[in-house]
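S.K.: Sending over upload-v6.txt (compact mmCIF, C-alpha atoms and all ligand atoms).
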# COMPACT_ATOMS: atom_id res chain seq x y z
CA MET A 1 -17.20 19.78 23.21
CA MET A 2 -20.78 20.99 23.22
CA GLN A 3 -19.93 23.57 25.86
CA ARG A 4 -17.10 24.94 23.75
CA TRP A 5 -19.42 25.33 20.82
CA LEU A 6 -21.97 27.20 22.93
CA VAL A 7 -19.36 29.60 24.19
CA GLY A 8 -17.56 30.04 20.89
CA ALA A 9 -20.44 30.19 18.45
CA VAL A 10 -22.69 33.13 19.16
CA ALA A 11 -24.85 33.04 16.04
CA ALA A 12 -27.11 30.04 15.47
CA GLY A 13 -25.83 29.75 11.89
CA LEU A 14 -22.27 29.43 13.08
CA LEU A 15 -23.34 26.77 15.55
CA ALA A 16 -24.93 24.79 12.73
CA LEU A 17 -21.78 25.09 10.64
CA SER A 18 -19.64 23.81 13.52
CA ALA A 19 -21.96 20.84 13.92
CA ILE A 20 -21.61 19.99 10.22
CA ALA A 21 -17.84 20.28 10.36
CA GLN A 22 -17.77 18.06 13.42
CA THR A 23 -19.94 15.38 11.78
CA ALA A 24 -17.86 15.49 8.61
CA GLU A 25 -14.68 15.00 10.59
CA GLN A 26 -15.88 12.08 12.67
CA PRO A 27 -15.75 9.31 10.04
CA ALA A 28 -12.18 10.27 9.10
CA GLU A 29 -11.14 9.82 12.72
CA THR A 30 -12.84 6.46 13.22
CA ALA A 31 -13.04 4.64 9.88
CA CYS A 32 -9.85 3.21 8.41
CA MET A 33 -8.99 3.90 4.79
CA VAL A 34 -7.94 0.33 4.04
CA CYS A 35 -9.61 -1.93 6.60
CA PRO A 36 -7.96 -5.27 7.43
CA GLN A 37 -10.12 -8.37 7.81
CA GLN A 38 -8.60 -11.18 9.87
CA LEU A 39 -8.91 -14.65 8.36
CA GLY A 40 -6.88 -16.69 10.81
CA GLN A 41 -4.05 -16.46 13.29
CA GLY A 42 -1.86 -13.62 12.00
CA ILE A 43 -3.51 -13.64 8.57
CA TYR A 44 -5.21 -10.54 7.18
CA MET A 45 -6.49 -9.11 3.93
CA VAL A 46 -7.81 -5.79 2.68
CA GLN A 47 -10.49 -5.72 0.02
CA GLY A 48 -10.68 -3.21 -2.81
CA VAL A 49 -13.96 -2.08 -4.30
CA THR A 50 -15.51 -3.75 -7.33
CA ALA A 51 -15.00 -1.02 -9.90
CA LEU A 52 -12.55 0.41 -12.38
CA GLY A 53 -9.91 2.69 -10.86
CA THR A 54 -11.06 6.28 -10.35
CA VAL A 55 -9.91 9.32 -8.39
CA ALA A 56 -12.90 8.76 -6.07
CA ASN A 57 -11.91 5.19 -5.18
CA ARG A 58 -8.18 6.09 -5.15
CA ASN A 59 -7.54 3.04 -7.37
CA PHE A 60 -8.42 0.81 -4.42
CA ILE A 61 -9.84 -1.87 -6.71
CA SER A 62 -7.65 -4.87 -5.85
CA ASN A 63 -6.90 -6.85 -2.72
CA ALA A 64 -3.75 -7.23 -0.66
CA GLY A 65 -2.87 -9.45 2.26
CA PHE A 66 -0.41 -9.62 5.11
CA VAL A 67 0.80 -12.31 7.45
CA ILE A 68 2.25 -11.52 10.85
CA THR A 69 4.97 -13.96 11.82
CA PRO A 70 7.06 -13.89 15.02
CA GLN A 71 9.94 -12.38 13.02
CA GLY A 72 8.25 -9.90 10.72
CA VAL A 73 5.33 -9.11 8.48
CA VAL A 74 5.00 -10.52 4.99
CA VAL A 75 2.80 -8.53 2.60
CA ILE A 76 1.14 -9.97 -0.49
CA ASP A 77 0.65 -7.35 -3.24
CA ALA A 78 1.07 -3.61 -2.84
CA LEU A 79 -2.28 -2.06 -3.94
CA GLY A 80 -2.91 0.52 -6.64
CA SER A 81 -1.19 3.67 -5.36
CA PRO A 82 1.51 4.73 -2.90
CA ALA A 83 -1.16 6.40 -0.73
CA LEU A 84 -3.05 3.12 -0.40
CA ALA A 85 0.17 1.26 0.40
CA GLN A 86 0.92 3.82 3.12
CA ALA A 87 -2.60 3.35 4.50
CA LEU A 88 -1.97 -0.40 4.54
CA VAL A 89 1.34 0.13 6.37
CA ASP A 90 -0.48 2.33 8.92
CA GLU A 91 -3.03 -0.43 9.50
CA ILE A 92 -0.31 -3.06 9.87
CA ARG A 93 1.34 -0.78 12.45
CA GLN A 94 -1.88 -0.83 14.49
CA ILE A 95 -1.57 -4.61 14.71
CA SER A 96 2.18 -5.28 14.87
CA PRO A 97 5.37 -3.29 15.49
CA LEU A 98 7.47 -5.90 13.65
CA PRO A 99 9.28 -4.89 10.47
CA ILE A 100 7.72 -5.58 7.08
CA THR A 101 10.31 -8.00 5.77
CA HIS A 102 8.92 -9.06 2.38
CA VAL A 103 6.41 -8.15 -0.30
CA LEU A 104 5.35 -11.05 -2.50
CA VAL A 105 3.98 -9.83 -5.83
CA THR A 106 1.34 -12.07 -7.44
CA HIS A 107 1.64 -10.29 -10.81
CA PHE A 108 2.59 -6.96 -12.37
CA HIS A 109 -0.67 -5.23 -13.11
CA ALA A 110 -0.96 -1.58 -12.14
CA ASP A 111 -3.64 -2.06 -9.49
CA HIS A 112 -1.43 -4.52 -7.57
CA ILE A 113 1.99 -2.82 -7.83
CA TYR A 114 1.76 0.98 -7.75
CA GLY A 115 2.23 0.89 -3.97
CA LEU A 116 5.51 -1.07 -4.08
CA GLN A 117 7.76 1.96 -3.61
CA VAL A 118 6.37 2.52 -0.10
CA PHE A 119 7.43 -0.97 1.00
CA LYS A 120 10.79 -0.68 -0.75
CA ALA A 121 11.49 2.54 1.16
CA LEU A 122 10.79 0.65 4.39
CA GLY A 123 13.42 -1.91 3.45
CA ALA A 124 11.09 -4.78 2.59
CA ARG A 125 12.46 -7.32 0.14
CA ILE A 126 10.30 -7.61 -2.98
CA LEU A 127 9.93 -11.08 -4.50
CA ALA A 128 8.25 -11.81 -7.82
CA HIS A 129 8.43 -14.23 -10.70
CA GLU A 130 10.88 -13.17 -13.41
CA GLY A 131 8.09 -13.07 -16.02
CA GLY A 132 7.19 -9.72 -14.44
CA LYS A 133 10.22 -8.15 -16.12
CA ASN A 134 8.41 -8.50 -19.44
CA TYR A 135 5.72 -6.15 -18.18
CA LEU A 136 8.10 -3.66 -16.57
CA PHE A 137 10.13 -3.32 -19.79
CA SER A 138 7.03 -3.12 -21.99
CA ASP A 139 5.57 -0.05 -23.69
CA THR A 140 2.25 -1.04 -22.10
CA ALA A 141 3.63 -0.49 -18.60
CA GLN A 142 4.95 2.98 -19.49
CA ALA A 143 1.77 3.95 -21.32
CA ARG A 144 -0.37 2.71 -18.41
CA LEU A 145 1.70 4.69 -15.90
CA THR A 146 1.54 7.86 -18.00
CA ALA A 147 -2.23 7.52 -18.34
CA SER A 148 -2.68 6.73 -14.64
CA ARG A 149 -0.59 9.75 -13.61
CA SER A 150 -3.20 11.99 -15.21
CA GLU A 151 -6.36 9.89 -14.67
CA LEU A 152 -5.65 8.98 -11.05
CA ALA A 153 -3.87 12.12 -9.80
CA PRO A 154 -3.10 12.89 -7.05
CA TRP A 155 -3.12 9.21 -5.98
CA VAL A 156 -0.90 8.21 -8.87
CA ASN A 157 1.37 11.05 -9.96
CA GLU A 158 4.90 11.95 -11.14
CA GLN A 159 6.34 10.47 -7.93
CA THR A 160 4.77 7.09 -8.63
CA GLN A 161 7.36 4.73 -10.06
CA LEU A 162 7.52 1.22 -11.44
CA VAL A 163 9.51 -0.81 -8.94
CA PHE A 164 11.56 -3.89 -9.78
CA ALA A 165 11.71 -6.94 -7.57
CA ASP A 166 14.80 -7.41 -5.38
CA GLU A 167 14.66 -11.09 -6.19
CA TRP A 168 13.30 -12.50 -9.43
CA LEU A 169 12.20 -16.12 -9.09
CA SER A 170 12.57 -18.52 -11.99
CA GLY A 171 10.00 -20.99 -10.69
CA SER A 172 8.07 -21.98 -7.61
CA GLN A 173 9.87 -21.44 -4.33
CA GLU A 174 9.38 -21.66 -0.60
CA LEU A 175 10.03 -18.83 1.82
CA GLU A 176 10.10 -19.18 5.59
CA VAL A 177 9.72 -16.21 7.89
CA GLY A 178 9.39 -16.70 11.64
CA GLY A 179 8.47 -20.35 11.24
CA ILE A 180 5.65 -19.63 8.77
CA ARG A 181 6.17 -21.24 5.39
CA PHE A 182 5.01 -19.46 2.25
CA LYS A 183 4.74 -21.54 -0.89
CA LEU A 184 5.24 -19.25 -3.87
CA LEU A 185 3.74 -21.26 -6.71
CA HIS A 186 4.32 -20.03 -10.23
CA MET A 187 1.14 -20.59 -12.26
CA GLY A 188 1.87 -18.60 -15.42
CA PRO A 189 1.43 -18.12 -18.19
CA ALA A 190 -2.17 -17.72 -17.13
CA HIS A 191 -3.73 -14.35 -16.24
CA THR A 192 -0.18 -13.07 -16.78
CA LEU A 193 3.17 -14.66 -17.59
CA GLU A 194 4.32 -14.22 -14.00
CA ASP A 195 1.26 -15.26 -11.95
CA MET A 196 2.30 -16.48 -8.57
CA VAL A 197 -0.08 -17.70 -5.89
CA ILE A 198 0.96 -17.66 -2.25
CA TYR A 199 -0.09 -20.66 -0.18
CA VAL A 200 0.32 -20.58 3.59
CA SER A 201 0.00 -24.30 4.18
CA GLN A 202 0.05 -24.15 8.01
CA ARG A 203 -3.09 -21.97 7.88
CA LYS A 204 -4.56 -23.41 4.66
CA VAL A 205 -4.87 -19.90 3.25
CA LEU A 206 -4.32 -19.16 -0.43
CA PHE A 207 -3.64 -15.71 -1.85
CA SER A 208 -4.54 -16.38 -5.47
CA GLY A 209 -3.84 -13.01 -7.07
CA ASP A 210 -5.81 -12.63 -10.29
CA MET A 211 -5.88 -16.34 -10.98
CA LEU A 212 -9.27 -15.98 -9.30
CA PHE A 213 -11.83 -13.21 -9.47
CA ARG A 214 -14.95 -13.10 -7.34
CA GLN A 215 -18.16 -11.07 -7.66
CA ARG A 216 -17.16 -9.52 -10.97
CA ILE A 217 -16.25 -10.34 -14.56
CA PRO A 218 -12.57 -11.35 -14.66
CA PHE A 219 -10.08 -9.20 -16.57
CA VAL A 220 -8.68 -11.33 -19.38
CA GLY A 221 -6.30 -8.84 -21.03
CA GLN A 222 -3.35 -10.54 -22.69
CA SER A 223 -3.74 -13.72 -20.66
CA ASP A 224 -3.07 -17.23 -21.86
CA SER A 225 -6.65 -18.33 -21.34
CA ARG A 226 -6.03 -21.97 -22.21
CA HIS A 227 -3.23 -22.43 -19.72
CA TRP A 228 -5.09 -20.31 -17.17
CA GLN A 229 -7.85 -22.92 -17.17
CA GLN A 230 -5.36 -25.76 -16.75
CA ALA A 231 -3.60 -23.92 -13.94
CA LEU A 232 -6.89 -23.54 -12.08
CA THR A 233 -7.33 -27.32 -12.29
CA GLU A 234 -3.84 -27.74 -10.77
CA LEU A 235 -4.76 -25.34 -7.98
CA SER A 236 -7.81 -27.41 -7.10
CA ASN A 237 -5.44 -29.96 -5.51
CA LEU A 238 -4.58 -27.56 -2.69
CA SER A 239 -6.38 -27.88 0.61
CA VAL A 240 -7.78 -24.38 1.17
CA ASP A 241 -9.86 -23.06 4.07
CA TRP A 242 -9.72 -19.43 2.96
CA VAL A 243 -8.94 -18.05 -0.45
CA VAL A 244 -8.13 -14.37 -0.97
CA PRO A 245 -8.79 -13.61 -4.64
CA GLY A 246 -7.15 -10.72 -6.49
CA HIS A 247 -10.54 -9.01 -6.58
CA GLY A 248 -13.65 -9.61 -4.48
CA SER A 249 -14.27 -10.84 -0.96
CA PRO A 250 -12.30 -13.65 0.70
CA SER A 251 -14.04 -16.98 0.48
CA ARG A 252 -14.35 -20.39 2.08
CA GLU A 253 -15.78 -21.83 -1.15
CA PHE A 254 -12.55 -22.40 -3.04
CA ALA A 255 -13.86 -25.18 -5.28
CA LYS A 256 -16.89 -23.13 -6.30
CA ASP A 257 -14.75 -20.04 -6.94
CA LEU A 258 -12.40 -22.04 -9.13
CA ARG A 259 -15.32 -23.37 -11.15
CA LEU A 260 -16.77 -19.88 -11.69
CA THR A 261 -13.58 -18.35 -13.12
CA GLN A 262 -12.88 -21.53 -15.05
CA SER A 263 -16.36 -21.81 -16.56
CA TYR A 264 -16.29 -18.15 -17.64
CA LEU A 265 -12.97 -18.69 -19.43
CA GLN A 266 -14.25 -21.91 -20.94
CA PHE A 267 -17.42 -20.24 -22.19
CA LEU A 268 -15.47 -17.35 -23.75
CA ARG A 269 -13.04 -19.71 -25.45
CA MET A 270 -15.73 -22.08 -26.69
CA SER A 271 -17.82 -19.27 -28.19
CA MET A 272 -14.91 -17.45 -29.81
CA LEU A 273 -13.09 -20.57 -31.07
CA ARG A 274 -16.29 -21.71 -32.76
CA ALA A 275 -16.76 -18.30 -34.35
CA VAL A 276 -13.21 -18.35 -35.74
CA GLU A 277 -13.64 -21.92 -37.03
CA GLU A 278 -16.88 -20.96 -38.79
CA GLY A 279 -15.38 -17.77 -40.21
CA VAL A 280 -17.85 -15.55 -38.32
CA SER A 281 -16.68 -11.99 -37.63
CA PHE A 282 -16.11 -10.92 -34.04
CA ASP A 283 -19.01 -8.44 -34.02
CA GLU A 284 -21.41 -11.04 -35.34
CA ALA A 285 -20.17 -13.70 -32.93
CA TYR A 286 -20.42 -11.34 -29.97
CA GLN A 287 -23.99 -10.40 -30.92
CA ALA A 288 -25.00 -14.02 -31.38
CA THR A 289 -23.55 -15.25 -28.07
CA ASP A 290 -25.95 -15.77 -25.17
CA TRP A 291 -24.28 -13.86 -22.31
CA SER A 292 -27.21 -14.24 -19.91
CA ALA A 293 -25.20 -16.27 -17.38
CA TYR A 294 -22.76 -13.34 -16.93
CA VAL A 295 -24.63 -10.18 -17.90
CA ASN A 296 -25.59 -9.38 -14.30
CA LEU A 297 -22.08 -9.66 -12.89
CA PRO A 298 -20.41 -6.32 -12.01
CA LEU A 299 -18.10 -4.92 -14.70
CA PHE A 300 -19.77 -6.97 -17.44
CA GLY A 301 -20.26 -3.76 -19.44
CA ALA A 302 -16.70 -2.58 -18.82
CA ALA A 303 -14.84 -5.83 -19.41
CA ASN A 304 -16.76 -8.55 -21.20
CA ARG A 305 -16.58 -7.34 -24.79
CA MET A 306 -12.85 -6.64 -24.55
CA ASN A 307 -12.30 -10.05 -22.94
CA ALA A 308 -14.20 -11.76 -25.74
CA PHE A 309 -12.28 -9.77 -28.36
CA ASN A 310 -8.91 -10.73 -26.86
CA ILE A 311 -9.92 -14.38 -26.84
CA TYR A 312 -11.17 -14.10 -30.42
CA LEU A 313 -7.72 -12.78 -31.46
CA GLN A 314 -6.02 -15.64 -29.58
CA ALA A 315 -8.35 -18.14 -31.26
CA GLU A 316 -7.37 -16.73 -34.66
CA GLN A 317 -3.70 -17.15 -33.80
CA GLU A 318 -4.27 -20.69 -32.54
CA ALA A 319 -6.16 -21.52 -35.74
CA MET A 320 -3.21 -20.33 -37.87
CA LYS A 321 -0.72 -22.66 -36.13
ZN ZN B 1 -6.04 -7.17 -10.68
For the structure just supplied, provide its representation as structure tokens.
M.R.:
Amino acid sequence: MMQRWLVGAVAAGLLALSAIAQTAEQPAETACMVCPQQLGQGIYMVQGVTALGTVANRNFISNAGFVITPQGVVVIDALGSPALAQALVDEIRQISPLPITHVLVTHFHADHIYGLQVFKALGARILAHEGGKNYLFSDTAQARLTASRSELAPWVNEQTQLVFADEWLSGSQELEVGGIRFKLLHMGPAHTLEDMVIYVSQRKVLFSGDMLFRQRIPFVGQSDSRHWQQALTELSNLSVDWVVPGHGSPSREFAKDLRLTQSYLQFLRMSMLRAVEEGVSFDEAYQATDWSAYVNLPLFGAANRMNAFNIYLQAEQEAMK
């Protein structure tokens, strides 16, 4: 290579330019776009960055997983754009030539589903809880997609579509592929109506979707925060060696992770319920709350106030019942 440069590039400036181009190209050749981490025999995950979706991060802000069985590959969640999903497929192809037979959707939030069309085109069967239809038919889903098509172009664009499941589940269900059993446990209404966690009991691995967040402030949105807390207590009965959260790194500290998400929800609810009971306005209550336990977590600035506001509105509704 060096010899070719010396022959081809007469001027020193041109030589320098070639060297820069060469260096810039190298990472693209070696580094993967969506890098799988192996957690056990045939079990992998890819980890999105801790941030809001941007053009720079290609909306790679959530996690996905895949399990290689002797009869095919089962994918959990589809990432936040078709390009990311294609990158995930390319990585899977480096590991296994087997067909991708299923995609199990933990919930219908944009960052977990905008890649679905890539898997559908490959013939994978998409399974999700039927509560997801509520999102797909909602104005929110359309508005989100329209906004994302301009904010996240070219990663999310006019070709990006909302994709329906091939099979809508009405409750928890078990799926077996190549002798590996997947327990699809419906946990909603919690983070969403349709939350489903995927438990691979033979490997003691749990893909929790957004029931669990790690290393950042959870996104509360329109969740049922009371039932979300209860559902986390139910989950604590599972024997888990590795948990793959919806956001953040995989973890061997399942009990601790559960407590963190749970205590954040509990703190939000306690503070906002008390404010509603005492007739304190949201602004005043937010000001008066001691957020010091959470203020240093990533995305506190982006998410915490909106989370608290949503819970305040829920608390008002609960108080009216
Ligand atoms: Zn998410």
S.K.: Would you mind listing what lies within 7 Å of Val197 of chain A as an MDAnalysis selection string, with all atoms listed in the file counted and same-chain residues fewer than 4 positions away left out?
M.R.: chainID A and resid 106 184:186 207:209
S.K.: Keeping only C-alpha atoms, take the residues you just selected and write them out as an mmCIF file, in the coordinates of the input.
M.R.:
data_model
loop_
_atom_site.group_PDB
_atom_site.id
_atom_site.type_symbol
_atom_site.label_atom_id
_atom_site.label_comp_id
_atom_site.auth_asym_id
_atom_site.auth_seq_id
_atom_site.Cartn_x
_atom_site.Cartn_y
_atom_site.Cartn_z
ATOM 1 C CA THR A 106 1.340 -12.070 -7.440
ATOM 2 C CA LEU A 184 5.240 -19.250 -3.870
ATOM 3 C CA LEU A 185 3.740 -21.260 -6.710
ATOM 4 C CA HIS A 186 4.320 -20.030 -10.230
ATOM 5 C CA PHE A 207 -3.640 -15.710 -1.850
ATOM 6 C CA SER A 208 -4.540 -16.380 -5.470
ATOM 7 C CA GLY A 209 -3.840 -13.010 -7.070
#
S.K.: Could you tell me, counting all atoms listed in the file, which protein and nucleic acid residues lie no more than 12 Å from ligand ZN 1 (chain B), written as a PDB file with C-alpha atoms, in the coordinates of the input?
M.R.:
ATOM      1  CA  GLN A  47     -10.490  -5.720   0.020  1.00  0.00           C
ATOM      2  CA  GLY A  48     -10.680  -3.210  -2.810  1.00  0.00           C
ATOM      3  CA  VAL A  49     -13.960  -2.080  -4.300  1.00  0.00           C
ATOM      4  CA  THR A  50     -15.510  -3.750  -7.330  1.00  0.00           C
ATOM      5  CA  ALA A  51     -15.000  -1.020  -9.900  1.00  0.00           C
ATOM      6  CA  LEU A  52     -12.550   0.410 -12.380  1.00  0.00           C
ATOM      7  CA  GLY A  53      -9.910   2.690 -10.860  1.00  0.00           C
ATOM      8  CA  ASN A  59      -7.540   3.040  -7.370  1.00  0.00           C
ATOM      9  CA  PHE A  60      -8.420   0.810  -4.420  1.00  0.00           C
ATOM     10  CA  ILE A  61      -9.840  -1.870  -6.710  1.00  0.00           C
ATOM     11  CA  SER A  62      -7.650  -4.870  -5.850  1.00  0.00           C
ATOM     12  CA  ASN A  63      -6.900  -6.850  -2.720  1.00  0.00           C
ATOM     13  CA  ALA A  64      -3.750  -7.230  -0.660  1.00  0.00           C
ATOM     14  CA  ASP A  77       0.650  -7.350  -3.240  1.00  0.00           C
ATOM     15  CA  ALA A  78       1.070  -3.610  -2.840  1.00  0.00           C
ATOM     16  CA  LEU A  79      -2.280  -2.060  -3.940  1.00  0.00           C
ATOM     17  CA  GLY A  80      -2.910   0.520  -6.640  1.00  0.00           C
ATOM     18  CA  VAL A 105       3.980  -9.830  -5.830  1.00  0.00           C
ATOM     19  CA  THR A 106       1.340 -12.070  -7.440  1.00  0.00           C
ATOM     20  CA  HIS A 107       1.640 -10.290 -10.810  1.00  0.00           C
ATOM     21  CA  PHE A 108       2.590  -6.960 -12.370  1.00  0.00           C
ATOM     22  CA  HIS A 109      -0.670  -5.230 -13.110  1.00  0.00           C
ATOM     23  CA  ALA A 110      -0.960  -1.580 -12.140  1.00  0.00           C
ATOM     24  CA  ASP A 111      -3.640  -2.060  -9.490  1.00  0.00           C
ATOM     25  CA  HIS A 112      -1.430  -4.520  -7.570  1.00  0.00           C
ATOM     26  CA  ILE A 113       1.990  -2.820  -7.830  1.00  0.00           C
ATOM     27  CA  TYR A 114       1.760   0.980  -7.750  1.00  0.00           C
ATOM     28  CA  HIS A 191      -3.730 -14.350 -16.240  1.00  0.00           C
ATOM     29  CA  THR A 192      -0.180 -13.070 -16.780  1.00  0.00           C
ATOM     30  CA  ASP A 195       1.260 -15.260 -11.950  1.00  0.00           C
ATOM     31  CA  SER A 208      -4.540 -16.380  -5.470  1.00  0.00           C
ATOM     32  CA  GLY A 209      -3.840 -13.010  -7.070  1.00  0.00           C
ATOM     33  CA  ASP A 210      -5.810 -12.630 -10.290  1.00  0.00           C
ATOM     34  CA  MET A 211      -5.880 -16.340 -10.980  1.00  0.00           C
ATOM     35  CA  LEU A 212      -9.270 -15.980  -9.300  1.00  0.00           C
ATOM     36  CA  PHE A 213     -11.830 -13.210  -9.470  1.00  0.00           C
ATOM     37  CA  ARG A 214     -14.950 -13.100  -7.340  1.00  0.00           C
ATOM     38  CA  ARG A 216     -17.160  -9.520 -10.970  1.00  0.00           C
ATOM     39  CA  ILE A 217     -16.250 -10.340 -14.560  1.00  0.00           C
ATOM     40  CA  PRO A 218     -12.570 -11.350 -14.660  1.00  0.00           C
ATOM     41  CA  PHE A 219     -10.080  -9.200 -16.570  1.00  0.00           C
ATOM     42  CA  VAL A 220      -8.680 -11.330 -19.380  1.00  0.00           C
ATOM     43  CA  GLY A 221      -6.300  -8.840 -21.030  1.00  0.00           C
ATOM     44  CA  PRO A 245      -8.790 -13.610  -4.640  1.00  0.00           C
ATOM     45  CA  GLY A 246      -7.150 -10.720  -6.490  1.00  0.00           C
ATOM     46  CA  HIS A 247     -10.540  -9.010  -6.580  1.00  0.00           C
ATOM     47  CA  GLY A 248     -13.650  -9.610  -4.480  1.00  0.00           C
TER      48      GLY A 248
END
S.K.: How many Å lie between atom CA of Gly179 of chain A and atom CA of Met45 of chain A, rounded to one decimal?
M.R.: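 Taking atom CA of Gly179 of chain A as the start and atom CA of Met45 of chain A as the end point, the length is 20.1 Å.
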S.K.: So that I can see what lies close to Glu253 of chain A, please list as an MDAnalysis selection string the residues with an atom at most 10 Å from it, counting only C-alpha atoms and leaving out residues fewer than 5 positions away in the same chain.
M.R.: chainID A and resid 240:243 258
S.K.: Using only C-alpha atoms for the distances, tell me which of A:Ser251, A:Gln159, A:Thr261, A:Ser225 is nearest to Ile311 of chain A.
M.R.: A:Ser225
S.K.: Taking only C-alpha atoms into account, which of A:Phe66, A:Tyr135, A:Tyr199, A:Trp155 comes nearest Ala83 of chain A?
M.R.: A:Trp155
S.K.: Could you check the closest approach to Ser150 of chain A for each of A:Val55, A:Cys35, A:Gln94, A:Lys256 and tell me which residue wins, using all atoms listed in the file?
M.R.: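 The shortest atom-to-atom distance to Ser150 of chain A comes from A:Val55.
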S.K.: Rank A:Gln266, A:Thr160, A:Gln117, A:Ser239 by their smallest atom-to-atom distance to Phe254 of chain A, using only C-alpha atoms, and report the top residue only.
M.R.: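 Of all the options, A:Ser239 lies closest to Phe254 of chain A.
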S.K.: Measure the distance from atom CA of Leu260 of chain A to atom CA of Leu297 of chain A in Å and round it to one decimal.
M.R.: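 Distance between the two atoms: 11.6 Å.
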S.K.: Using all atoms listed in the file, which of the listed residues (A:Pro36, A:His129, A:Gln161, A:Glu318) sits closest to Gly115 of chain A?
M.R.: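 The answer is A:Gln161, which sits nearest to Gly115 of chain A.
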S.K.: Restricting the calculation to only C-alpha atoms: of A:Ala303, A:Val73, A:Ala141, A:Ile126, which residue gets closest to Ile95 of chain A?
M.R.: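 Checking each candidate against Ile95 of chain A, we get A:Val73 as the closest.
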